[in-house]
Structures are given as structure tokens and as C-alpha cells.
Amino acid sequence: MIVIFARLRSLVALLAAALVLVTAPLARADYGDPPEVEAQRLVHVLGYVGADYGGAVDHGAITNQGEYDEQLSLLDDGAKIAGRIQPALPADAPRVDLPSLVGKVRTLVDKKAPASEVTAATLDARTAILGAFRLAEAPAAAPNAERGRAIFQKHCTECHGEQGRGDTPKAATLNPRPANFWDPDVADGMTPFRVASTVRFGVQGTAMVPFSQLSEAERWDVAFYVVSLRHTEAPADGSPTYALGELATRPDASLREELLSAGIPQDRVSATLADLRKRAPYEDRAARSPLALARAKLDRARVALQRGDREGAKGQIIDSYLEGVEPVEAQLKSMDAGVVARIEDHYMGLRAALDRGETPAELNASISRTLAELTAAESRLKEGAKRTSFVSTAISSGGIVVREGVEAALLVAALLGLAAQAGHADKKRYVHAGWAVAIVLGMLTFLLSLRLVTISGAKRELIEGITALLATAVLFYVSYSLLAKREVQRWMRFLKEHISPRKAALSLFGVSFLAAYREAFETVLFYQALLASDASSLAAVVGAAVGAVVLVIIVSAYTRAGRFAPPQVFFRISSYLLYGLAVVFIGQGLSALQMAGVVPAHRVGLPSVPVVGFYPTLETITAQLILLALAVGAYVWNKRSPAAGPPPRGATPAPAKG
């Protein structure tokens, strides 16, 4: 009996020791860890609640009592963690009340609130914790696919199975059963970040214990492998180039919705997802596409916002556009000008939202919308590259010349007409000299940019902005005085007698040159993009020649119309046209400087209309309204003034009419 008792006591001791060994990782995970690890655990708990709450409550009623009780238990643990780490917030971290954030989630769960509200509350809390403790949501380097597979085979297959279906003999004995990574209810909401957190901290109340012995890099390796398991299709080529941070935090459901919105056919979405899960995380694709750089910088902006660094986020947003979008803007415009306008709207909206002091959660939503638009843009670029042909290239080339040159062509035509009507017909050559020099300089810019320098996005926007504002100044100088005169004939006589030929020549040359060079510079950028897409050079030349002919026809038609129209009518229309172009140019110039980060941008809730230079910010609208107010003021002054413009020498001023 004594022997039996001794053996029984030894067995109990062994069982107790085994229990201590089994539960030791859980104990270490609960107490004594550094605040950063505790913060990671809290993020994990909140992520688990946010993802699984919808399976426990529906329309205010509990649908799974066990799952609901688990949510409450997790939030109890989360509240304890929040209380422990609140005093350990870094001194330079944004001031957040972690217990209150967790308490808000608990209140919503207690009320059995809609899943969307609980998910939003958990996202707000997670964002605050990630930012306060400088936690990473993505690996520092690309994961290792082979190492991830090996870790899964060694540690996970006994419960989850070789393919991750959770159908092993051991899985059948467990309650709850291990997750089936092929189940859409599980897999559609799964992300590598959530899997890595689960591997690190385990899942309370299940057989999923923490694997704290794995390094951070190894946890990311197995996490990306797990998320890829159900994607057995052959990966598609030409997928949008997502940043690694996006692939780590975006679930399949979100990516699928965005791919469909970007225009990817339904029958290619599965293969595209397979590429994003099985190949993209392991390859450095950022160098292949400027838009990938744009995405990466937006992701850095999101991280900066989490950490309270709004100025850093602003710089990343500006760089994202200048370094990632601007280099392909011309090529995008040649395929779909609408997507370019929407992207510019999104970036300007982000800048304005930052200035308004919107919360990180609101800004994250704006960044997500911008990223979705970049996905659509990259899809357009890749589809356009597939359809490149001689005819399509020629049409694109001709369209570039006509679209970019029509403003300059109308301006040149108006200048020629004004010079003739004002008695400076001999100065027409200065108008032609202006646009001719601009074209030559544009060609030199093209050759230099190809052979010697790469024009950065910031420099492009600065050149475009400054040139447009200079053209505005000269146009205003030339056209406002014309608008301010009521009696056109008397003003024309004044021009003939009082404006020096040299001054007229400089004005005509200056306006023609500045307007034409601005359009020539933009055209250079478009042709850089067109030729970079392996388009036919001959087709581009043919299209450009046809476009140039169209512009000549426009100029000829306008100047010929002036021969038949009454001088006063033609003179007045030309003056209005020049002044209208000044209004357009000032909007375009200020917008370019805003995109370069030189001029502040305060967004107004109106759509952009780039063709007339309307960009909805307080700065551009104010500048354009000032010009329009001056024009209205000149018109009113004319109506009230008894005479307009000085009389010709030796003549008696004409009496006022009316």
C-alpha cells in the first residue's frame, strides 16, 4: 500500500511538473513581459474580437453563446493589459487613454451593437496602440517562403493538416477544432499580421498555444505561408504592385473587392489573389513600378500618423505623389485622364484633411481610398501596355499634341489678331518667334531629360507651376488693359500711337513664349511616358505631325474669322480669350505648386475641372476669383465711366453715350 501511494505521489508530481511546463508560456505571456510585448498582445486581443464578434452577435441577438462569452473574457484580459501598460506609454507618444478605448469596445459588446461598430472601435484602439508603442504591422524585410513552409510542417500540421484544412485525427479530438484555413468564413478575414500575432500569443481557451520560441522573422514567414495555402490557382502575371505593409494587413476579402473595382475581370481575380499571396510578398516589385513607390510612401504616411507625426506623414504623402504618381501621370493621362484627375483629388484631399486636423482613423480611410485609386491606375497602365499598336500609338500621340497645344494655339491666334487690329501687324513675327523658341527649347528639354538628367516629380511640378504663373502675369498685363476700355476703336488708336514698338514686341514674344513653353514642357513629359511604354517611335512621330496640322488649322481658322468679323467684336473676343487663359493658368500654376508642397492647400468640397484650370482649394479659387472680380470691376467701371481710354493726340474726346 505504501509502495502504491509512493508511486501515485510520484505520478502526481510528474503531472504537476508537466502542467507547469505546458502552462509556462501562457504565464510568461500574461505577466512580466515588457510593455511593448504587452501592447502587441492587446492589439492581438482587439484584432481577434474585431474579426470574430460578427460570428457571435447578429441584429442585437447572441447567435453563438460560447463565442460571445469568449469575446467578453478576452476583453476582460484586454482591460487588465491596458491598465498595466498605460503608465508605460513612451514620453514622446501621442497621449491616449488605453483603458477608455478598450472600455468603449466592451460597452459596445455588452450592448450587442452591430459588428461594424465593434470593428470600427477595435480598429481605433489598435491604431492608437500601434502608434503609441511604435509597433510594426509588417515584417522589416521580405519573408522567406521556404522557411515558412518548413516551420508550418514542423509545428502546425499535426493539428491543421498538410494543407491547412484542420482535418487531422488529432484535430477531431479537440474542442474547439483548429481553424480550417480554406473555410471562407475564416480565410476571407485572415491577414498575415493576425496570423503572426496568433502564433506569438496563442488563442485563449483553445489548443493554439503561443510559439514564443520562434523569432519575429520566423513568425512572419509562417504567417504569409498560412495565408497562401488556399490559393492553388496558377498566379497571374501583371498584378497591381501592393506594398509589403498592405499585403501584411489586408485580408483577401478587401483585396478582392478592390481588384474588382479596379476593373480586373471576375475570372482573373482568383489568379491575381494567388499572385499577391504566393509570389508578391517574396519579391521586390517596388523598383518595377513608380506606383508601387507611391503605395509604399502612403503606407509610411499611415504609420507616421499612428505615431502622431503629422508633419512626417505630410512629407510622405507629398513624396508619394511627386515620386510615385508624377512619373507616370503623362502615360496615365494618355490612357484615362479621369483616373489622373481622381488621383490628384485624393492627394489634395489628404493634404487638406491633414491641415484640418482629422483623426488618424479618418486619414487612414482617405489613404485607403487613395490606394484603391492607385490600384485602378496600375490596372489601366498594364491593360494599356497590352493594347499598344501602331494605330493606337499614333492616336495617343496626336491627342497629346492637340490636347496640350490647343490652349497655346488659341492664345497665339488671339495675339496675332490683336497685333493686326491694334496696328502692330509688323510685330506678328514676335508672336511666331515666341512659340517657335518655346518648341525648340521643349525639344532640347526632351533630349536633355533623356540623355543627361531625370526630371524629378517635384521639379516637374515647380517648372509647370512657375511657368504657368509667369504666363498668367504677362497675360494679365496684356489683356486687363484691353478689358478695361469700353470704346475699342479709341483704345486701338491709342495703342497705335502710344505703345512703343519695342514694348509691344516684348509683350507679344513673352506671352507667346511662356504659354507655348509650358505646354511644350508638359508635352515632353507625355512623350517620355509614351516612348517608355515600348510604343512605336514612327507611330508617335506620325501622330505628332497630324496633331500639329490640327493646331495649325485651329490658328488659321481663328485668324481668318477675324478678317470677316467686325473689328470691335474680334478685338473683344480675343481680349476675353486672353484673360480667360490667364484665369486658367493661375489655377493650373497654383495647383502644381500645391502638389509640390510649396503652396498650402485647403480643400473645398467641389469637383476638379482641370480643362478650365479649376482645382477646388481655397488658394486656387481665391486667386481665380480675384482675377474675375477685377474683370467685373473693369466692366462696371466702363459702364459708369463717361469715357474710356485716352483720346488720340490732337483729337477732342468724344462725349459719353447714354
# chains A, B, ... in the order shown; residues from 1 in each chain; ligands from 1
>>> select_by_dssp(residues="segment 127-364 of chain A", states="alpha helix (DSSP H)", output="PyMOL selection string")
chain A and resi 127-132+145-155+157-160+169-172+184-187+192-201+216-228+244-249+252-261+266-278+290-306+310-319+326-335+337-356+360-364
>>> residues_around(residues="segment 332-346 of chain A", least_positions_apart="5", cutoff="9 Å", atoms="only C-alpha atoms", output="PDB file with N, CA, C and O atoms, in the first residue's frame")
ATOM      1  N   TYR A 321       3.135  61.337 -54.158  1.00  0.00           N
ATOM      2  CA  TYR A 321       2.638  61.845 -55.433  1.00  0.00           C
ATOM      3  C   TYR A 321       3.788  62.217 -56.372  1.00  0.00           C
ATOM      4  O   TYR A 321       3.816  61.812 -57.543  1.00  0.00           O
ATOM      5  N   VAL A 325       3.559  59.010 -58.459  1.00  0.00           N
ATOM      6  CA  VAL A 325       2.481  59.228 -59.426  1.00  0.00           C
ATOM      7  C   VAL A 325       2.933  60.110 -60.582  1.00  0.00           C
ATOM      8  O   VAL A 325       2.664  59.813 -61.750  1.00  0.00           O
ATOM      9  N   ARG A 351      -4.006  66.125 -48.224  1.00  0.00           N
ATOM     10  CA  ARG A 351      -3.302  67.304 -47.711  1.00  0.00           C
ATOM     11  C   ARG A 351      -4.256  68.180 -46.900  1.00  0.00           C
ATOM     12  O   ARG A 351      -3.927  68.644 -45.802  1.00  0.00           O
ATOM     13  N   SER A 366      -9.021  57.843 -45.795  1.00  0.00           N
ATOM     14  CA  SER A 366      -8.672  58.598 -47.005  1.00  0.00           C
ATOM     15  C   SER A 366      -7.500  57.954 -47.724  1.00  0.00           C
ATOM     16  O   SER A 366      -7.476  57.881 -48.962  1.00  0.00           O
ATOM     17  N   ILE A 367      -6.514  57.481 -46.965  1.00  0.00           N
ATOM     18  CA  ILE A 367      -5.370  56.800 -47.572  1.00  0.00           C
ATOM     19  C   ILE A 367      -5.831  55.527 -48.273  1.00  0.00           C
ATOM     20  O   ILE A 367      -5.373  55.212 -49.382  1.00  0.00           O
ATOM     21  N   ARG A 369      -8.718  54.950 -49.639  1.00  0.00           N
ATOM     22  CA  ARG A 369      -9.388  55.316 -50.896  1.00  0.00           C
ATOM     23  C   ARG A 369      -8.363  55.707 -51.961  1.00  0.00           C
ATOM     24  O   ARG A 369      -8.539  55.392 -53.148  1.00  0.00           O
ATOM     25  N   THR A 370      -7.311  56.383 -51.545  1.00  0.00           N
ATOM     26  CA  THR A 370      -6.258  56.755 -52.494  1.00  0.00           C
ATOM     27  C   THR A 370      -5.552  55.512 -53.025  1.00  0.00           C
ATOM     28  O   THR A 370      -5.267  55.410 -54.225  1.00  0.00           O
ATOM     29  N   GLU A 373      -7.535  53.875 -55.659  1.00  0.00           N
ATOM     30  CA  GLU A 373      -7.437  54.574 -56.937  1.00  0.00           C
ATOM     31  C   GLU A 373      -6.113  54.251 -57.624  1.00  0.00           C
ATOM     32  O   GLU A 373      -6.045  54.144 -58.862  1.00  0.00           O
ATOM     33  N   LEU A 374      -5.044  54.080 -56.848  1.00  0.00           N
ATOM     34  CA  LEU A 374      -3.755  53.689 -57.426  1.00  0.00           C
ATOM     35  C   LEU A 374      -3.831  52.284 -58.010  1.00  0.00           C
ATOM     36  O   LEU A 374      -3.187  51.992 -59.030  1.00  0.00           O
ATOM     37  N   ALA A 376      -6.487  50.990 -59.396  1.00  0.00           N
ATOM     38  CA  ALA A 376      -7.165  51.176 -60.685  1.00  0.00           C
ATOM     39  C   ALA A 376      -6.206  51.765 -61.716  1.00  0.00           C
ATOM     40  O   ALA A 376      -6.205  51.358 -62.886  1.00  0.00           O
ATOM     41  N   ALA A 377      -5.368  52.706 -61.297  1.00  0.00           N
ATOM     42  CA  ALA A 377      -4.428  53.334 -62.224  1.00  0.00           C
ATOM     43  C   ALA A 377      -3.430  52.319 -62.760  1.00  0.00           C
ATOM     44  O   ALA A 377      -3.137  52.288 -63.965  1.00  0.00           O
ATOM     45  N   GLU A 378      -2.909  51.485 -61.871  1.00  0.00           N
ATOM     46  CA  GLU A 378      -1.931  50.494 -62.335  1.00  0.00           C
ATOM     47  C   GLU A 378      -2.574  49.479 -63.264  1.00  0.00           C
ATOM     48  O   GLU A 378      -1.962  49.022 -64.234  1.00  0.00           O
ATOM     49  N   ARG A 380      -5.007  50.161 -65.319  1.00  0.00           N
ATOM     50  CA  ARG A 380      -5.125  50.839 -66.616  1.00  0.00           C
ATOM     51  C   ARG A 380      -3.795  50.810 -67.363  1.00  0.00           C
ATOM     52  O   ARG A 380      -3.741  50.576 -68.574  1.00  0.00           O
ATOM     53  N   LEU A 381      -2.719  51.065 -66.653  1.00  0.00           N
ATOM     54  CA  LEU A 381      -1.402  51.094 -67.293  1.00  0.00           C
ATOM     55  C   LEU A 381      -1.055  49.744 -67.900  1.00  0.00           C
ATOM     56  O   LEU A 381      -0.557  49.665 -69.026  1.00  0.00           O
ATOM     57  N   GLY A 384      -3.303  48.970 -70.847  1.00  0.00           N
ATOM     58  CA  GLY A 384      -2.921  49.816 -71.970  1.00  0.00           C
ATOM     59  C   GLY A 384      -1.673  49.330 -72.656  1.00  0.00           C
ATOM     60  O   GLY A 384      -1.542  49.385 -73.885  1.00  0.00           O
ATOM     61  N   SER A 396      -2.804  58.265 -79.784  1.00  0.00           N
ATOM     62  CA  SER A 396      -2.388  58.837 -78.492  1.00  0.00           C
ATOM     63  C   SER A 396      -1.442  60.005 -78.697  1.00  0.00           C
ATOM     64  O   SER A 396      -1.559  61.045 -78.039  1.00  0.00           O
ATOM     65  N   SER A 397      -0.505  59.845 -79.630  1.00  0.00           N
ATOM     66  CA  SER A 397       0.469  60.905 -79.891  1.00  0.00           C
ATOM     67  C   SER A 397      -0.212  62.160 -80.425  1.00  0.00           C
ATOM     68  O   SER A 397       0.055  63.279 -79.959  1.00  0.00           O
ATOM     69  N   GLY A 399      -3.318  62.974 -80.024  1.00  0.00           N
ATOM     70  CA  GLY A 399      -4.143  63.524 -78.960  1.00  0.00           C
ATOM     71  C   GLY A 399      -3.345  64.347 -77.973  1.00  0.00           C
ATOM     72  O   GLY A 399      -3.809  65.377 -77.474  1.00  0.00           O
ATOM     73  N   ILE A 400      -2.119  63.912 -77.691  1.00  0.00           N
ATOM     74  CA  ILE A 400      -1.247  64.666 -76.786  1.00  0.00           C
ATOM     75  C   ILE A 400      -0.985  66.055 -77.349  1.00  0.00           C
ATOM     76  O   ILE A 400      -1.109  67.070 -76.658  1.00  0.00           O
ATOM     77  N   PHE A 526       4.720  63.857 -71.530  1.00  0.00           N
ATOM     78  CA  PHE A 526       3.825  62.865 -72.123  1.00  0.00           C
ATOM     79  C   PHE A 526       4.580  61.953 -73.089  1.00  0.00           C
ATOM     80  O   PHE A 526       4.381  60.736 -73.092  1.00  0.00           O
ATOM     81  N   ALA A 529       6.747  59.374 -71.388  1.00  0.00           N
ATOM     82  CA  ALA A 529       5.949  58.246 -70.912  1.00  0.00           C
ATOM     83  C   ALA A 529       5.501  57.356 -72.066  1.00  0.00           C
ATOM     84  O   ALA A 529       5.525  56.125 -71.965  1.00  0.00           O
ATOM     85  N   LEU A 530       5.097  57.973 -73.167  1.00  0.00           N
ATOM     86  CA  LEU A 530       4.613  57.196 -74.316  1.00  0.00           C
ATOM     87  C   LEU A 530       5.715  56.304 -74.868  1.00  0.00           C
ATOM     88  O   LEU A 530       5.510  55.115 -75.120  1.00  0.00           O
ATOM     89  N   MET A 595       0.825  70.677 -55.347  1.00  0.00           N
ATOM     90  CA  MET A 595       1.219  69.280 -55.409  1.00  0.00           C
ATOM     91  C   MET A 595       2.693  69.110 -55.045  1.00  0.00           C
ATOM     92  O   MET A 595       3.101  68.073 -54.517  1.00  0.00           O
ATOM     93  N   PRO A 607     -15.903  69.322 -57.240  1.00  0.00           N
ATOM     94  CA  PRO A 607     -15.089  68.503 -58.151  1.00  0.00           C
ATOM     95  C   PRO A 607     -14.076  69.346 -58.920  1.00  0.00           C
ATOM     96  O   PRO A 607     -14.283  70.538 -59.158  1.00  0.00           O
ATOM     97  N   SER A 608     -12.974  68.719 -59.300  1.00  0.00           N
ATOM     98  CA  SER A 608     -11.970  69.393 -60.124  1.00  0.00           C
ATOM     99  C   SER A 608     -12.427  69.425 -61.580  1.00  0.00           C
ATOM    100  O   SER A 608     -13.079  68.490 -62.052  1.00  0.00           O
ATOM    101  N   VAL A 609     -12.052  70.496 -62.270  1.00  0.00           N
ATOM    102  CA  VAL A 609     -12.290  70.592 -63.719  1.00  0.00           C
ATOM    103  C   VAL A 609     -10.978  71.077 -64.338  1.00  0.00           C
ATOM    104  O   VAL A 609     -10.809  72.265 -64.633  1.00  0.00           O
ATOM    105  N   PRO A 610     -10.006  70.176 -64.530  1.00  0.00           N
ATOM    106  CA  PRO A 610      -8.671  70.582 -64.969  1.00  0.00           C
ATOM    107  C   PRO A 610      -8.656  71.335 -66.293  1.00  0.00           C
ATOM    108  O   PRO A 610      -7.798  72.195 -66.511  1.00  0.00           O
ATOM    109  N   TYR A 615      -9.299  73.880 -59.711  1.00  0.00           N
ATOM    110  CA  TYR A 615      -8.906  72.896 -58.708  1.00  0.00           C
ATOM    111  C   TYR A 615      -9.462  73.376 -57.364  1.00  0.00           C
ATOM    112  O   TYR A 615      -9.125  74.466 -56.908  1.00  0.00           O
ATOM    113  N   PRO A 616     -10.328  72.595 -56.737  1.00  0.00           N
ATOM    114  CA  PRO A 616     -11.109  73.099 -55.601  1.00  0.00           C
ATOM    115  C   PRO A 616     -10.322  73.233 -54.298  1.00  0.00           C
ATOM    116  O   PRO A 616     -10.465  72.438 -53.369  1.00  0.00           O
TER     117      PRO A 616
END
>>> closest_residue(among="A:Leu174, A:Leu630, A:Val402, A:Ala408", to="Val550 of chain A", atoms="only C-alpha atoms")
A:Val402
>>> atom_distance(atom1="atom CA of Ile317 of chain A", atom2="atom CA of Asp299 of chain A")
9.2 Å
>>> closest_residue(among="A:Pro90, A:Gly263, A:Gly324, A:Gly613", to="Gly589 of chain A", atoms="only C-alpha atoms")
A:Gly613
>>> atom_distance(atom1="atom CA of Val43 of chain A", atom2="atom CA of Arg126 of chain A")
5.3 Å
>>> atom_distance(atom1="atom CA of Glu216 of chain A", atom2="atom CA of Asp52 of chain A")
24.7 Å
>>> select_by_dssp(residues="segment 53-281 of chain A", states="strand (DSSP E or B)", output="list of chain:residue names")
A:Val57, A:Asp58, A:Ala61, A:Ile62
>>> residues_around(residues="Leu462 of chain A", least_positions_apart="4", cutoff="7 Å", atoms="only C-alpha atoms", output="list in words")
Ala458, Ile466, Ala592, Leu593 and Ala596 of chain A
>>> write_last_selection(atoms="N, CA, C and O atoms", output="CSV table (one decimal), in the first residue's frame")
chain,number,residue,atom,x,y,z
A,458,ALA,N,9.1,66.6,-58.2
A,458,ALA,CA,9.0,68.0,-57.6
A,458,ALA,C,9.4,69.0,-58.6
A,458,ALA,O,8.8,70.1,-58.7
A,466,ILE,N,5.6,77.5,-61.9
A,466,ILE,CA,6.2,78.8,-62.1
A,466,ILE,C,6.0,79.3,-63.5
A,466,ILE,O,5.7,80.5,-63.7
A,592,ALA,N,-0.1,73.1,-59.4
A,592,ALA,CA,1.1,72.4,-59.5
A,592,ALA,C,2.0,72.7,-58.3
A,592,ALA,O,2.7,71.8,-57.8
A,593,LEU,N,2.1,73.9,-57.8
A,593,LEU,CA,2.9,74.3,-56.7
A,593,LEU,C,2.3,73.6,-55.4
A,593,LEU,O,3.1,73.3,-54.5
A,596,ALA,N,3.5,70.1,-55.3
A,596,ALA,CA,4.9,70.1,-54.9
A,596,ALA,C,5.1,70.4,-53.5
A,596,ALA,O,6.3,70.4,-53.0
>>> closest_residue(among="A:Ile62, A:Leu276, A:Ile553, A:Leu42", to="Ser197 of chain A", atoms="only C-alpha atoms")
A:Leu42
>>> residues_around(residues="Asp92 of chain A", least_positions_apart="4", cutoff="12 Å", atoms="only C-alpha atoms", output="list of chain:residue names")
A:Ala88, A:Val96, A:Gly131, A:Ala132, A:Phe133, A:Arg134, A:Arg307, A:Gly308, A:Asp309
>>> residues_around(residues="segment 356-358 of chain A", least_positions_apart="6", cutoff="10 Å", atoms="only C-alpha atoms", output="PyMOL selection string")
chain A and resi 310+350+364+602-603
>>> residues_around(residues="segment 289-292 of chain A", least_positions_apart="3", cutoff="8 Å", atoms="only C-alpha atoms", output="JSON list (two decimals) with N, CA, C and O atoms, in the first residue's frame")
[["chain", "number", "residue", "atom", "x", "y", "z"],
["A", 241, "THR", "N", 0.88, 46.27, -57.97],
["A", 241, "THR", "CA", 2.06, 46.12, -57.12],
["A", 241, "THR", "C", 1.78, 46.67, -55.74],
["A", 241, "THR", "O", 2.02, 47.85, -55.47],
["A", 242, "TYR", "N", 1.29, 45.82, -54.86],
["A", 242, "TYR", "CA", 0.99, 46.24, -53.49],
["A", 242, "TYR", "C", 2.27, 46.30, -52.66],
["A", 242, "TYR", "O", 3.19, 45.50, -52.85],
["A", 243, "ALA", "N", 2.31, 47.24, -51.72],
["A", 243, "ALA", "CA", 3.42, 47.32, -50.79],
["A", 243, "ALA", "C", 3.33, 46.16, -49.79],
["A", 243, "ALA", "O", 2.25, 45.64, -49.52],
["A", 285, "ARG", "N", 9.10, 44.17, -55.80],
["A", 285, "ARG", "CA", 8.47, 44.71, -57.00],
["A", 285, "ARG", "C", 8.42, 46.23, -57.02],
["A", 285, "ARG", "O", 8.02, 46.82, -58.01],
["A", 286, "ALA", "N", 8.79, 46.84, -55.91],
["A", 286, "ALA", "CA", 8.66, 48.30, -55.82],
["A", 286, "ALA", "C", 9.49, 49.00, -56.88],
["A", 286, "ALA", "O", 9.10, 50.04, -57.41],
["A", 295, "ARG", "N", 2.60, 53.72, -53.31],
["A", 295, "ARG", "CA", 1.90, 52.94, -52.29],
["A", 295, "ARG", "C", 2.74, 52.81, -51.03],
["A", 295, "ARG", "O", 2.24, 52.95, -49.91],
["A", 296, "ALA", "N", 4.03, 52.52, -51.22],
["A", 296, "ALA", "CA", 4.91, 52.33, -50.06],
["A", 296, "ALA", "C", 4.98, 53.61, -49.22],
["A", 296, "ALA", "O", 4.97, 53.56, -47.98],
["A", 323, "GLU", "N", 7.05, 61.42, -56.42],
["A", 323, "GLU", "CA", 7.99, 60.40, -56.82],
["A", 323, "GLU", "C", 7.32, 59.15, -57.38],
["A", 323, "GLU", "O", 7.95, 58.39, -58.11],
["A", 324, "GLY", "N", 6.05, 58.94, -57.04],
["A", 324, "GLY", "CA", 5.39, 57.73, -57.47],
["A", 324, "GLY", "C", 4.35, 57.93, -58.56],
["A", 324, "GLY", "O", 4.26, 57.13, -59.49],
["A", 325, "VAL", "N", 3.56, 59.01, -58.46],
["A", 325, "VAL", "CA", 2.48, 59.23, -59.43],
["A", 325, "VAL", "C", 2.93, 60.11, -60.58],
["A", 325, "VAL", "O", 2.66, 59.81, -61.75],
["A", 327, "PRO", "N", 5.75, 60.58, -62.19],
["A", 327, "PRO", "CA", 6.49, 60.00, -63.32],
["A", 327, "PRO", "C", 5.63, 59.25, -64.33],
["A", 327, "PRO", "O", 6.04, 59.09, -65.48],
["A", 328, "VAL", "N", 4.45, 58.77, -63.90],
["A", 328, "VAL", "CA", 3.60, 58.03, -64.85],
["A", 328, "VAL", "C", 2.32, 58.79, -65.16],
["A", 328, "VAL", "O", 1.43, 58.25, -65.83],
["A", 374, "LEU", "N", -5.04, 54.08, -56.85],
["A", 374, "LEU", "CA", -3.75, 53.69, -57.43],
["A", 374, "LEU", "C", -3.83, 52.28, -58.01],
["A", 374, "LEU", "O", -3.19, 51.99, -59.03],
["A", 378, "GLU", "N", -2.91, 51.48, -61.87],
["A", 378, "GLU", "CA", -1.93, 50.49, -62.34],
["A", 378, "GLU", "C", -2.57, 49.48, -63.26],
["A", 378, "GLU", "O", -1.96, 49.02, -64.23]]
>>> closest_residue(among="A:Leu581, A:Ala313, A:Pro281, A:Gln306", to="Leu411 of chain A", atoms="only C-alpha atoms")
A:Leu581
